[in-house]
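Reviewing the structure listed below.
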Amino acid sequence: MVIADLNVGILYTFGIVSLGVYGIVLAGYAANSKYPFLGGIRSSAQMISYEISMGLSVIPVLLIVGNLNLGEIINWQTQHGWLIIYAPVAFTSSWSRRSRKQTACRSICRRRKRSWSAATTRNTAR
């Protein structure tokens, strides 16, 4: 039940996910002002740093399984068990990176005296 059974499926997935960085930079550039452009560059740098840590946390999984095919990784897990048992450090580093991002966003919301839920949901009524 896959569209294309690629032998380098995980690398293809990372490549497609990383295209979002260009969208943020182009959105800042399209504003035709330097401050949105600088904000877009800042956001893209932050996204790149998260992608680097995500990529590094996937390397132990790929070394354990020995294959880049997503279907083979799933088959390996059905035969041997979850990969979190075999690579807990990779999971912990990936998970701690996400929680630090949320903590940073919450502290910014506290300084601006806004609630976390109001900052994460889009306000459509103006």
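Ordered as shown in the structure tokens, chains take letters A, B, and onward, while each chain numbers its residues from 1 and ligands are numbered from 1 in the order shown.
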
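Non-sequential neighbours of stretch 55-57 of chain A (distance at most 10 Å, separation of 2 or more positions within a chain, only C-alpha atoms) are Ile10, Leu11, Phe14, Ser49, Tyr50, Glu51, Ile52, Ser53, Ile59, Pro60, Val61, Leu62, Ala87, Pro88, Val89, Ala90, Phe91, Thr92, Ser93, Ser94 and Trp95 of chain A.
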
All residues 12 Å or closer to A:Ile64, only C-alpha atoms, same chain fewer than 4 positions away omitted, as a PyMOL selection string
chain A and resi 58-60+68+72-73+76-77+80+82-87+90

From atom CA of A:Leu38 to atom CA of A:Tyr22 the spacing works out at 13.5 Å

Grab the atom CA of A:Arg42 to atom CA of A:Ile24 distance for me, in Å with one decimal place.
9.5 Å

With only C-alpha atoms as the basis for distance, which of A:Asn75, A:Asn69, A:Ala27, A:Gly15 is at the shortest distance from A:Ile41?
A:Ala27

What is the atom CA of A:Ser18-atom CA of A:Met47 distance in Å, reported with one decimal?
8.5 Å
